[in-house]
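Structure first, then comments.
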Amino acid sequence: MRGFFRRLGCLIIILLLLVAAWYWYARVPASTTTTSTTIGTATSVSSGWQPLTGADADRGRAAVQSLGRQSGPVFANLTAAEAASYIFTVVAKQFPPSARNAQAAIIGDRLYVRSDVDVKDFGGSKALGPLGMLLGDRDSVRLGGTINMLKPGLGEFIVQEVKIGRLEVPSALIPRILTQMKRGKPVPGISQNGLPMVMPTYISDVRISNGKITLYKSVR
C-alpha cells in the first residue's frame with residue numbers, strides 16, 4: 001500500500017509539471033509575446049539569418065567543386081546560406097519535405113538552420129512524449145550544430161541543439177527526433193546526433209568560425 005501511494009504521488013507531480021508547462025506555453029500575456037517577438041527579430045538580424053535558396057546551393061556547390069581542380073584553391077569560404085543550402089538540399093538531403101521559409105546563420109562556432117515544418121516530420125508527440133502536447137500541427141524548428149569529417153567522402157552535421165516552437169528539446173531526446181527526420185538507409189559510422197553528409201573525397205576538414213564555414217582541400 002505504501003508503494004501505491006508513492007507511485008500516486010509521483011504521478012501527481014508529473015501531472016502538475018505538465019499543467020504548469022501548458023499554462024506557460026499557452027497563456028503567455030500578450031505584452032510578453034510582443035517583447036519576445038521584438039527580441040527574436042533583433043537577434044535574427046544581428047546574427048545574420050539568411051534564407052536558403054537554390055542560387056546559394058549552386059554557389060556552395062561551385063565553391064566545393066573548385067577545390068577539386070588541380071590548380072584550384074586549397075580552401076573555400078562559404079556563407080551560412082551557401083553552406084546550409086548546399087548541405088541540406090544537395091549533400092545531406094535530410095530536411096523535411098514540409099519545410100518552408102528555411103534560413104541559416106552562423107553563431108559562434110555553430111551552424112544554425114531554422115524552418116517552419118509539420119511537427120509530425122519530427123515524430124510529434126510520439127518522439128517528444130508528454131511535451132509533444134504543447135505543440136501544434138505546424139511550428140518552427142531550429143537545429144544547431146557543427147560539421148565533422150569522419151573519413152574521405154563522408155562527414156556529418158552533429159546536431160547539438162533542437163528547438164521546436166518555444167520548446168527547447170532535451171539533449172536526450174535529440175537522437176529520437178533525428179531518427180524520425182532521417183531519410184534513406186542508415187549510414188554506417190554516423191553518430192546518433194548526426195545527419196550524414198556524403199562529401200567529395202578531396203575535402204579533408206570543415207571548420208566554422210567568424211561568420212563563415214571554411215572547407216579545406218586534402219593536400220597530398
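By order of appearance in the C-alpha cells: chains A, B, ..., then residues from 1 within every chain, and ligands from 1 in the order shown.
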task = DSSP on the backbone, then: every residue of range 120-209 of chain A marked helix (DSSP H, G or I), written as a list in words.
result =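 Checking each residue of range 120-209 of chain A, the helix (DSSP H, G or I) ones are Lys120, Asp121, Phe122, Gly124, Ser125, Lys126, Ala127, Leu128, Gly129, Pro130, Leu131, Gly132, Met133, Leu134, Ser171, Ala172, Leu173, Ile174, Pro175, Arg176, Ile177, Leu178, Thr179, Gln180 and Met181 of chain A.
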Nearby residues (only C-alpha atoms) at most 10 Å from range 197-212 of chain A, same-chain spacing under 4 positions excluded, as JSON, numbers by chain = {"A": [47, 48, 64, 65, 67, 68, 69, 74, 75, 76, 77, 78, 79, 80, 81, 82, 83, 87, 88, 90, 91, 92, 93, 94, 105, 106, 107, 108, 109, 110, 111, 145, 146, 147, 148, 149, 150, 151, 152, 153, 154, 155, 156, 157, 187, 190, 216, 217, 218, 219, 220]}
Restrict the selected residues to N, CA and C atoms and save them as a short mmCIF file (atom, residue, chain, number, x, y, z; two decimals), in the first residue's frame.
```
data_model
loop_
_atom_site.label_atom_id
_atom_site.label_comp_id
_atom_site.auth_asym_id
_atom_site.auth_seq_id
_atom_site.Cartn_x
_atom_site.Cartn_y
_atom_site.Cartn_z
N SER A 47 22.52 38.31 -35.83
CA SER A 47 23.27 37.07 -36.02
C SER A 47 23.28 36.63 -37.47
N GLY A 48 22.70 37.43 -38.38
CA GLY A 48 22.84 37.19 -39.80
C GLY A 48 22.04 36.04 -40.37
N VAL A 64 32.76 24.26 -53.59
CA VAL A 64 33.28 22.93 -53.25
C VAL A 64 33.99 22.31 -54.45
N GLN A 65 33.39 22.42 -55.63
CA GLN A 65 33.99 21.82 -56.82
C GLN A 65 35.30 22.48 -57.21
N LEU A 67 37.63 23.23 -55.30
CA LEU A 67 38.71 22.60 -54.55
C LEU A 67 39.19 21.31 -55.23
N GLY A 68 38.34 20.76 -56.09
CA GLY A 68 38.70 19.52 -56.76
C GLY A 68 39.62 19.71 -57.95
N ARG A 69 39.77 20.94 -58.40
CA ARG A 69 40.67 21.19 -59.53
C ARG A 69 42.11 21.17 -59.06
N VAL A 74 43.22 25.93 -52.03
CA VAL A 74 43.34 24.87 -51.02
C VAL A 74 42.24 24.98 -49.97
N PHE A 75 41.49 26.08 -49.99
CA PHE A 75 40.35 26.20 -49.09
C PHE A 75 39.30 27.10 -49.74
N ALA A 76 38.08 27.01 -49.24
CA ALA A 76 36.98 27.84 -49.75
C ALA A 76 36.10 28.25 -48.58
N ASN A 77 35.69 29.53 -48.57
CA ASN A 77 34.80 30.05 -47.54
C ASN A 77 33.37 30.12 -48.06
N LEU A 78 32.43 29.64 -47.27
CA LEU A 78 31.02 29.67 -47.62
C LEU A 78 30.26 30.47 -46.56
N THR A 79 29.24 31.19 -47.00
CA THR A 79 28.35 31.86 -46.04
C THR A 79 27.44 30.81 -45.43
N ALA A 80 26.71 31.22 -44.39
CA ALA A 80 25.77 30.30 -43.75
C ALA A 80 24.74 29.79 -44.75
N ALA A 81 24.20 30.69 -45.59
CA ALA A 81 23.17 30.30 -46.56
C ALA A 81 23.75 29.37 -47.62
N GLU A 82 24.96 29.65 -48.10
CA GLU A 82 25.58 28.80 -49.12
C GLU A 82 25.85 27.41 -48.56
N ALA A 83 26.41 27.37 -47.36
CA ALA A 83 26.73 26.08 -46.75
C ALA A 83 25.47 25.28 -46.45
N ILE A 87 24.38 21.86 -48.15
CA ILE A 87 24.36 20.67 -47.30
C ILE A 87 22.96 20.05 -47.25
N PHE A 88 21.95 20.87 -46.97
CA PHE A 88 20.63 20.31 -46.70
C PHE A 88 19.81 20.02 -47.95
N VAL A 90 21.48 19.49 -51.20
CA VAL A 90 22.28 18.75 -52.18
C VAL A 90 23.01 17.58 -51.53
N VAL A 91 23.69 17.82 -50.41
CA VAL A 91 24.55 16.80 -49.81
C VAL A 91 23.76 15.87 -48.88
N ALA A 92 23.19 16.42 -47.81
CA ALA A 92 22.51 15.59 -46.82
C ALA A 92 21.10 15.18 -47.27
N LYS A 93 20.40 16.12 -47.88
CA LYS A 93 19.02 15.87 -48.35
C LYS A 93 18.15 15.31 -47.22
N GLN A 94 18.33 15.88 -46.02
CA GLN A 94 17.63 15.38 -44.85
C GLN A 94 16.55 16.33 -44.35
N ALA A 105 22.14 30.56 -40.18
CA ALA A 105 23.02 31.56 -39.57
C ALA A 105 24.19 30.85 -38.93
N ILE A 106 25.30 31.54 -38.81
CA ILE A 106 26.45 31.04 -38.06
C ILE A 106 26.55 31.88 -36.80
N ILE A 107 26.43 31.23 -35.66
CA ILE A 107 26.50 31.91 -34.37
C ILE A 107 27.59 31.21 -33.56
N GLY A 108 28.65 31.94 -33.27
CA GLY A 108 29.78 31.32 -32.59
C GLY A 108 30.44 30.30 -33.50
N ASP A 109 30.59 29.08 -33.01
CA ASP A 109 31.21 28.03 -33.82
C ASP A 109 30.18 27.01 -34.28
N ARG A 110 28.92 27.44 -34.40
CA ARG A 110 27.86 26.51 -34.81
C ARG A 110 27.07 27.05 -36.00
N LEU A 111 26.62 26.13 -36.82
CA LEU A 111 25.73 26.45 -37.93
C LEU A 111 24.31 26.17 -37.47
N GLY A 145 24.40 23.08 -34.75
CA GLY A 145 25.45 22.11 -34.52
C GLY A 145 26.71 22.41 -35.31
N THR A 146 27.58 21.43 -35.36
CA THR A 146 28.87 21.56 -36.04
C THR A 146 29.00 20.49 -37.12
N ILE A 147 30.04 20.63 -37.94
CA ILE A 147 30.29 19.68 -39.03
C ILE A 147 31.56 18.91 -38.72
N ASN A 148 31.48 17.61 -38.87
CA ASN A 148 32.63 16.75 -38.57
C ASN A 148 32.90 15.83 -39.76
N MET A 149 34.14 15.83 -40.24
CA MET A 149 34.53 14.91 -41.31
C MET A 149 34.99 13.60 -40.69
N LEU A 150 34.33 12.51 -41.06
CA LEU A 150 34.64 11.21 -40.49
C LEU A 150 35.76 10.50 -41.25
N LYS A 151 35.71 10.60 -42.56
CA LYS A 151 36.71 9.98 -43.42
C LYS A 151 36.56 10.59 -44.80
N PRO A 152 37.49 10.38 -45.71
CA PRO A 152 37.34 10.95 -47.05
C PRO A 152 36.01 10.54 -47.68
N GLY A 153 35.22 11.53 -48.06
CA GLY A 153 33.95 11.27 -48.70
C GLY A 153 32.75 11.23 -47.77
N LEU A 154 32.97 11.25 -46.45
CA LEU A 154 31.85 11.17 -45.52
C LEU A 154 32.04 12.10 -44.33
N GLY A 155 31.04 12.95 -44.12
CA GLY A 155 31.00 13.83 -42.95
C GLY A 155 29.63 13.74 -42.30
N GLU A 156 29.45 14.51 -41.25
CA GLU A 156 28.15 14.54 -40.59
C GLU A 156 27.92 15.90 -39.95
N PHE A 157 26.67 16.30 -39.94
CA PHE A 157 26.25 17.51 -39.23
C PHE A 157 25.82 17.06 -37.85
N VAL A 187 23.46 5.22 -42.49
CA VAL A 187 24.84 5.26 -42.99
C VAL A 187 25.78 4.82 -41.88
N ILE A 190 27.77 7.00 -38.72
CA ILE A 190 27.11 8.25 -38.33
C ILE A 190 26.64 8.15 -36.89
N TYR A 216 38.45 22.74 -46.35
CA TYR A 216 39.87 22.58 -46.67
C TYR A 216 40.08 21.39 -47.60
N LYS A 217 40.95 21.59 -48.56
CA LYS A 217 41.28 20.57 -49.54
C LYS A 217 42.37 19.65 -49.02
N SER A 218 42.25 18.37 -49.34
CA SER A 218 43.32 17.43 -48.99
C SER A 218 44.57 17.77 -49.80
N VAL A 219 45.69 17.93 -49.11
CA VAL A 219 46.94 18.23 -49.77
C VAL A 219 47.83 16.99 -49.70
N ARG A 220 48.15 16.44 -50.85
CA ARG A 220 48.95 15.20 -50.89
C ARG A 220 50.35 15.48 -51.41
#
```
So that I can check the surroundings of Ser98 in chain A, please list as an mmCIF file with N, CA, C and O atoms, in the first residue's frame every protein, DNA and RNA residue that reaches within 9 Å of it, counting only C-alpha atoms and ignoring chain neighbours fewer than 5 positions away.
```cif
data_model
loop_
_atom_site.group_PDB
_atom_site.id
_atom_site.type_symbol
_atom_site.label_atom_id
_atom_site.label_comp_id
_atom_site.auth_asym_id
_atom_site.auth_seq_id
_atom_site.Cartn_x
_atom_site.Cartn_y
_atom_site.Cartn_z
ATOM 1 N N ASP A 116 9.880 26.483 -40.871
ATOM 2 C CA ASP A 116 8.538 26.083 -40.441
ATOM 3 C C ASP A 116 8.258 24.704 -41.029
ATOM 4 O O ASP A 116 8.401 24.506 -42.240
ATOM 5 N N VAL A 117 7.868 23.754 -40.179
ATOM 6 C CA VAL A 117 7.640 22.388 -40.651
ATOM 7 C C VAL A 117 6.399 21.796 -39.994
ATOM 8 O O VAL A 117 5.891 22.314 -38.989
ATOM 9 N N ASP A 118 5.916 20.702 -40.577
ATOM 10 C CA ASP A 118 4.886 19.907 -39.919
ATOM 11 C C ASP A 118 5.568 19.146 -38.789
ATOM 12 O O ASP A 118 6.549 18.423 -39.021
ATOM 13 N N ASP A 121 6.769 15.539 -38.929
ATOM 14 C CA ASP A 121 8.016 15.147 -39.574
ATOM 15 C C ASP A 121 9.104 14.835 -38.554
ATOM 16 O O ASP A 121 10.098 14.177 -38.870
#
```
request  = Write out as a ChimeraX atom specification each polymer residue whose atoms come within 6 Å of Leu52 in chain A, counting only C-alpha atoms; drop sequence neighbours fewer than 6 positions from it.
outcome  = /A:81,85,102-103
key: Residue nearest Val113 in chain A among A:Pro73, A:Trp49, A:Ala62, A:Gln160 (counting only C-alpha atoms)   =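 Using only C-alpha atoms, the shortest distance to Val113 in chain A belongs to A:Trp49.
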